[in-house]
Amino acid sequence: MPDNARLTHGSIRGHLIQQTAPMLLGIASILSVGIIDAYYIGQLGADELAAVSFIFPVTMALASLGVGVMVGISSVVSRALGANELALAQQRGNLGMALAVMSGLAIAGTLYLVKEPLFELMQAEGKLLPLIDAYMTPFALGFPLLLTNMGGNGVLRSQGAAKRSSAVLIAYAGANWILDPILITGVGSFEGFGVAGAAYATLAGWGAGTVLGFALVQTSQITFNPTSLFRADWRSDVWALIKVGAPAAGTNAINPVGLSIMTALLAGYGQDHVAGFGAAGRLQSFAVVPLLALSSSIGAVVGQNWGAQKRGRARSALFQAGAFCVGYGLLIAAVLVLGRDGFAAIFSEDPGVLDAISAYLLIAAWGFSGYGVLIVVNGALNAIDRASHALMMSLGRVFLVMVPVAWLGGRAFGPNAIYGAELAANLIGGLVAFGLARHIMRRES
């Protein structure tokens, strides 16, 4: 069996563990950046924390575009490797990396132009807009670095190179860990840049990840070689990437869009609720790291086996991953609910913010298992070229459940009903995802 399809033989559970374990550290490192940002920005004041709470879902949505690039590359390349078509994998991997750079430049220009009206639309108070702009201007200008980073990471993930992929994420996070306290709050006689310092640290992290990622790609079996672009069938190869990458980007962007709408709804109850919701969202992201790691690693396992026509192995991988999501999700929910007051105190001393964080955890945490099933199924569907199904599920979860329940419930029962909307969306989304995945994989086995 060729090394380029090594995930098509051996223990499914072993491959899931081997691919997920390194990603645990990598994704935990990335998400820790959000918590560290919130910690140091919280020291600046409640306005600064509220400003970043408006920023957070927007930057998550934009990062989701990078995830789409990465997923698209990983999907088409892993299937080519599974089918033992190394030349095709090389061409599509290189084309994907080139498209990532071009997309990053286009998005950066657009974001720079629309950043002010965007946050006005989200109902950010006038006093917060200068703080938001101080962060978003450097973020927009440096955005191409993120997509360049994601393009290389997609090539690594397609090969099952989980340790290398994780190293790129750790490099990004490490730069932030070092620079956040220096650039946000200052050190010694240097006063720091405040909110803007968090953006500068993020850009430095992207740069570090991009440099390391390029070096790791060049020592893998699929290297960046511009001559591959001339051999590629641009029409079919670009379509293959877009067919998966565009819906995957939408799938990953929809949840932050929903959270942006919920943030706007919470703004009607005061900035304490906005700040609490933003801080709790960062804590939630860190709590579900194992689920995120599993959703990012399952694509290579399912994709290579699907490409090799080993459909039973692909189905087994997905169902084993789903069972883990349910068990872990319930366990971490219990931990967060029991310790909610202590977790809230990490981010703020403001009584209103503390109450908001505690209320969110008490209600929304019980839906994390459903969320895990949803994102793992999405990862598997993307890998088998069914990204449009994943997109439809995510659209339904947000716009048929989360937003209507938040809007109607919030008007009738207040902010706690908005947290309940996220719980309902995750539970229903997980059930629908399980049913759809079972149907597709059994039909095509």
# chains A, B, ... in the order shown; residues from 1 in each chain; ligands from 1
>>> residues_around(residues="range 273-288 of chain A", least_positions_apart="6", cutoff="6 Å", atoms="only C-alpha atoms", output="PyMOL selection string")
chain A and resi 31+35+49-50+53+266-267+353+356-357
>>> select_by_dssp(residues="range 125-345 of chain A", states="alpha helix (DSSP H)", output="MDAnalysis selection string")
chainID A and resid 129:158 162:180 195:218 227:231 234:267 271:287 289:307 311:338 340:344
>>> closest_residue(among="A:Ile184, A:Pro144, A:Gln221, A:Val155", to="Leu203 in chain A", atoms="only C-alpha atoms")
A:Pro144
>>> residues_around(residues="Ala173 in chain A", least_positions_apart="4", cutoff="10 Å", atoms="only C-alpha atoms", output="PyMOL selection string")
chain A and resi 26-34+167-169+177-179+201-202+204-206+208-209
>>> residues_around(residues="Ser295 in chain A", least_positions_apart="4", cutoff="10 Å", atoms="only C-alpha atoms", output="number ranges by chain")
A: 20, 23, 289-291, 299, 318, 321-322, 325, 372-380
>>> closest_residue(among="A:Gly72, A:Gly197, A:Gly312, A:Gly66", to="Met441 in chain A", atoms="only C-alpha atoms")
A:Gly312
>>> residues_around(residues="range 224-240 of chain A", least_positions_apart="3", cutoff="7 Å", atoms="only C-alpha atoms", output="list in words")
Val76, Gln91, Arg92, Asn94, Leu95, Val217, Gln218, Lys243 and Val244 of chain A
>>> write_last_selection(atoms="C-alpha atoms", output="short mmCIF file (atom, residue, chain, number, x, y, z; two decimals), in the first residue's frame")
data_model
loop_
_atom_site.label_atom_id
_atom_site.label_comp_id
_atom_site.auth_asym_id
_atom_site.auth_seq_id
_atom_site.Cartn_x
_atom_site.Cartn_y
_atom_site.Cartn_z
CA VAL A 76 -9.61 17.22 -3.28
CA GLN A 91 -1.41 20.03 -9.26
CA ARG A 92 -4.51 20.67 -7.20
CA ASN A 94 -0.42 23.97 -5.78
CA LEU A 95 -3.40 25.55 -7.46
CA VAL A 217 5.15 21.92 2.85
CA GLN A 218 8.49 21.98 1.03
CA LYS A 243 -17.07 23.02 -5.31
CA VAL A 244 -15.86 22.04 -1.85
#
>>> residues_around(residues="range 389-401 of chain A", least_positions_apart="5", cutoff="8 Å", atoms="only C-alpha atoms", output="list in words")
Pro247, Ala248, Gly250, Thr251, Ile254, Asn255, Gly258, Val377, Asn378, Leu381, Asn382, Ala421, Ala424, Ala425, Asn426, Ile428, Gly429, Val432 and Ala433 of chain A
>>> atom_distance(atom1="CA of Leu212 in chain A", atom2="CA of Ala21 in chain A")
20.1 Å
>>> closest_residue(among="A:Leu265, A:Leu216, A:Ala162, A:Leu16", to="Gln123 in chain A", atoms="only C-alpha atoms")
A:Leu265
>>> residues_around(residues="Leu111 in chain A", least_positions_apart="2", cutoff="12 Å", atoms="only C-alpha atoms", output="number ranges by chain")
A: 58-59, 61-62, 104-109, 113-119, 133, 136-144
>>> write_last_selection(atoms="N, CA and C atoms", output="PDB file, in the first residue's frame")
ATOM      1  N   VAL A  58     -17.120  38.601  13.844  1.00  0.00           N
ATOM      2  CA  VAL A  58     -16.750  39.026  12.492  1.00  0.00           C
ATOM      3  C   VAL A  58     -15.415  38.409  12.090  1.00  0.00           C
ATOM      4  N   THR A  59     -14.435  38.468  12.978  1.00  0.00           N
ATOM      5  CA  THR A  59     -13.137  37.880  12.653  1.00  0.00           C
ATOM      6  C   THR A  59     -13.238  36.368  12.538  1.00  0.00           C
ATOM      7  N   ALA A  61     -15.887  34.801  11.375  1.00  0.00           N
ATOM      8  CA  ALA A  61     -16.480  34.567  10.061  1.00  0.00           C
ATOM      9  C   ALA A  61     -15.433  34.703   8.959  1.00  0.00           C
ATOM     10  N   LEU A  62     -14.554  35.678   9.089  1.00  0.00           N
ATOM     11  CA  LEU A  62     -13.508  35.867   8.091  1.00  0.00           C
ATOM     12  C   LEU A  62     -12.495  34.723   8.144  1.00  0.00           C
ATOM     13  N   GLY A 104      -7.048  36.053  -0.552  1.00  0.00           N
ATOM     14  CA  GLY A 104      -6.703  36.865   0.606  1.00  0.00           C
ATOM     15  C   GLY A 104      -6.541  38.327   0.259  1.00  0.00           C
ATOM     16  N   LEU A 105      -5.924  38.612  -0.870  1.00  0.00           N
ATOM     17  CA  LEU A 105      -5.738  40.012  -1.300  1.00  0.00           C
ATOM     18  C   LEU A 105      -7.079  40.665  -1.607  1.00  0.00           C
ATOM     19  N   ALA A 106      -7.961  39.935  -2.284  1.00  0.00           N
ATOM     20  CA  ALA A 106      -9.267  40.494  -2.641  1.00  0.00           C
ATOM     21  C   ALA A 106     -10.114  40.773  -1.398  1.00  0.00           C
ATOM     22  N   ILE A 107     -10.115  39.828  -0.462  1.00  0.00           N
ATOM     23  CA  ILE A 107     -10.918  39.995   0.753  1.00  0.00           C
ATOM     24  C   ILE A 107     -10.372  41.120   1.613  1.00  0.00           C
ATOM     25  N   ALA A 108      -9.059  41.261   1.671  1.00  0.00           N
ATOM     26  CA  ALA A 108      -8.441  42.325   2.480  1.00  0.00           C
ATOM     27  C   ALA A 108      -8.909  43.701   2.011  1.00  0.00           C
ATOM     28  N   GLY A 109      -8.915  43.913   0.703  1.00  0.00           N
ATOM     29  CA  GLY A 109      -9.349  45.203   0.176  1.00  0.00           C
ATOM     30  C   GLY A 109     -10.808  45.477   0.472  1.00  0.00           C
ATOM     31  N   LEU A 113     -12.651  48.477   3.174  1.00  0.00           N
ATOM     32  CA  LEU A 113     -13.626  49.470   2.719  1.00  0.00           C
ATOM     33  C   LEU A 113     -14.938  49.426   3.504  1.00  0.00           C
ATOM     34  N   VAL A 114     -15.344  48.244   3.978  1.00  0.00           N
ATOM     35  CA  VAL A 114     -16.681  48.107   4.580  1.00  0.00           C
ATOM     36  C   VAL A 114     -16.652  48.006   6.102  1.00  0.00           C
ATOM     37  N   LYS A 115     -15.473  48.061   6.722  1.00  0.00           N
ATOM     38  CA  LYS A 115     -15.397  47.764   8.147  1.00  0.00           C
ATOM     39  C   LYS A 115     -16.223  48.727   9.005  1.00  0.00           C
ATOM     40  N   GLU A 116     -16.255  50.004   8.680  1.00  0.00           N
ATOM     41  CA  GLU A 116     -17.004  50.947   9.520  1.00  0.00           C
ATOM     42  C   GLU A 116     -18.518  50.754   9.401  1.00  0.00           C
ATOM     43  N   PRO A 117     -19.102  50.743   8.188  1.00  0.00           N
ATOM     44  CA  PRO A 117     -20.561  50.527   8.115  1.00  0.00           C
ATOM     45  C   PRO A 117     -20.999  49.158   8.646  1.00  0.00           C
ATOM     46  N   LEU A 118     -20.118  48.178   8.569  1.00  0.00           N
ATOM     47  CA  LEU A 118     -20.467  46.845   9.068  1.00  0.00           C
ATOM     48  C   LEU A 118     -20.781  46.885  10.549  1.00  0.00           C
ATOM     49  N   PHE A 119     -19.936  47.538  11.341  1.00  0.00           N
ATOM     50  CA  PHE A 119     -20.143  47.541  12.790  1.00  0.00           C
ATOM     51  C   PHE A 119     -21.235  48.529  13.205  1.00  0.00           C
ATOM     52  N   ASP A 133     -12.266  50.162  15.096  1.00  0.00           N
ATOM     53  CA  ASP A 133     -11.464  50.514  13.917  1.00  0.00           C
ATOM     54  C   ASP A 133      -9.976  50.330  14.177  1.00  0.00           C
ATOM     55  N   MET A 136      -9.529  46.605  13.570  1.00  0.00           N
ATOM     56  CA  MET A 136      -9.883  46.060  12.264  1.00  0.00           C
ATOM     57  C   MET A 136      -9.002  46.563  11.129  1.00  0.00           C
ATOM     58  N   THR A 137      -8.419  47.757  11.249  1.00  0.00           N
ATOM     59  CA  THR A 137      -7.579  48.264  10.156  1.00  0.00           C
ATOM     60  C   THR A 137      -6.340  47.391   9.933  1.00  0.00           C
ATOM     61  N   PRO A 138      -5.515  47.132  10.955  1.00  0.00           N
ATOM     62  CA  PRO A 138      -4.379  46.221  10.719  1.00  0.00           C
ATOM     63  C   PRO A 138      -4.824  44.796  10.423  1.00  0.00           C
ATOM     64  N   PHE A 139      -5.934  44.367  11.027  1.00  0.00           N
ATOM     65  CA  PHE A 139      -6.444  43.016  10.758  1.00  0.00           C
ATOM     66  C   PHE A 139      -6.759  42.864   9.273  1.00  0.00           C
ATOM     67  N   ALA A 140      -7.430  43.851   8.695  1.00  0.00           N
ATOM     68  CA  ALA A 140      -7.796  43.790   7.276  1.00  0.00           C
ATOM     69  C   ALA A 140      -6.561  43.768   6.389  1.00  0.00           C
ATOM     70  N   LEU A 141      -5.610  44.618   6.683  1.00  0.00           N
ATOM     71  CA  LEU A 141      -4.423  44.714   5.831  1.00  0.00           C
ATOM     72  C   LEU A 141      -3.563  43.449   5.895  1.00  0.00           C
ATOM     73  N   GLY A 142      -3.601  42.754   7.024  1.00  0.00           N
ATOM     74  CA  GLY A 142      -2.780  41.552   7.161  1.00  0.00           C
ATOM     75  C   GLY A 142      -3.497  40.264   6.806  1.00  0.00           C
ATOM     76  N   PHE A 143      -4.781  40.363   6.402  1.00  0.00           N
ATOM     77  CA  PHE A 143      -5.577  39.170   6.173  1.00  0.00           C
ATOM     78  C   PHE A 143      -4.998  38.195   5.135  1.00  0.00           C
ATOM     79  N   PRO A 144      -4.319  38.684   4.064  1.00  0.00           N
ATOM     80  CA  PRO A 144      -3.746  37.723   3.105  1.00  0.00           C
ATOM     81  C   PRO A 144      -2.800  36.706   3.740  1.00  0.00           C
TER      82      PRO A 144
END
>>> decode(residues="range 40-89 of chain A", atoms="C-alpha atoms", output="mmCIF file, in the first residue's frame")
data_model
loop_
_atom_site.group_PDB
_atom_site.id
_atom_site.type_symbol
_atom_site.label_atom_id
_atom_site.label_comp_id
_atom_site.auth_asym_id
_atom_site.auth_seq_id
_atom_site.Cartn_x
_atom_site.Cartn_y
_atom_site.Cartn_z
ATOM 1 C CA TYR A 40 -5.503 41.474 28.600
ATOM 2 C CA ILE A 41 -8.139 43.554 26.803
ATOM 3 C CA GLY A 42 -10.420 43.111 29.814
ATOM 4 C CA GLN A 43 -7.742 44.852 31.894
ATOM 5 C CA LEU A 44 -8.144 47.920 29.680
ATOM 6 C CA GLY A 45 -11.817 48.368 30.591
ATOM 7 C CA ALA A 46 -15.399 47.290 29.893
ATOM 8 C CA ASP A 47 -15.629 49.363 26.688
ATOM 9 C CA GLU A 48 -12.589 47.654 25.221
ATOM 10 C CA LEU A 49 -13.968 44.213 26.105
ATOM 11 C CA ALA A 50 -17.337 45.108 24.556
ATOM 12 C CA ALA A 51 -15.607 46.351 21.389
ATOM 13 C CA VAL A 52 -13.761 43.061 21.019
ATOM 14 C CA SER A 53 -17.023 41.200 21.613
ATOM 15 C CA PHE A 54 -18.417 42.894 18.506
ATOM 16 C CA ILE A 55 -15.210 42.121 16.611
ATOM 17 C CA PHE A 56 -14.974 38.459 17.623
ATOM 18 C CA PRO A 57 -17.794 36.962 15.510
ATOM 19 C CA VAL A 58 -16.750 39.026 12.492
ATOM 20 C CA THR A 59 -13.137 37.880 12.653
ATOM 21 C CA MET A 60 -14.339 34.315 13.194
ATOM 22 C CA ALA A 61 -16.480 34.567 10.061
ATOM 23 C CA LEU A 62 -13.508 35.867 8.091
ATOM 24 C CA ALA A 63 -11.264 33.141 9.468
ATOM 25 C CA SER A 64 -13.914 30.703 8.269
ATOM 26 C CA LEU A 65 -13.117 31.756 4.722
ATOM 27 C CA GLY A 66 -9.608 30.526 5.400
ATOM 28 C CA VAL A 67 -11.034 27.299 6.766
ATOM 29 C CA GLY A 68 -12.943 26.910 3.498
ATOM 30 C CA VAL A 69 -9.712 27.258 1.539
ATOM 31 C CA MET A 70 -8.042 24.681 3.765
ATOM 32 C CA VAL A 71 -10.962 22.238 3.611
ATOM 33 C CA GLY A 72 -11.263 22.538 -0.162
ATOM 34 C CA ILE A 73 -7.602 21.751 -0.673
ATOM 35 C CA SER A 74 -7.608 18.946 1.882
ATOM 36 C CA SER A 75 -10.697 17.325 0.358
ATOM 37 C CA VAL A 76 -9.612 17.222 -3.281
ATOM 38 C CA VAL A 77 -6.005 16.349 -2.503
ATOM 39 C CA SER A 78 -6.820 13.601 0.039
ATOM 40 C CA ARG A 79 -9.179 11.916 -2.418
ATOM 41 C CA ALA A 80 -6.541 12.095 -5.152
ATOM 42 C CA LEU A 81 -4.012 10.544 -2.794
ATOM 43 C CA GLY A 82 -6.474 7.813 -1.833
ATOM 44 C CA ALA A 83 -6.942 7.015 -5.528
ATOM 45 C CA ASN A 84 -3.117 6.927 -5.898
ATOM 46 C CA GLU A 85 -3.104 9.899 -8.323
ATOM 47 C CA LEU A 86 -0.085 11.741 -6.940
ATOM 48 C CA ALA A 87 0.380 14.014 -9.976
ATOM 49 C CA LEU A 88 -3.224 15.231 -9.705
ATOM 50 C CA ALA A 89 -2.781 15.784 -5.970
#
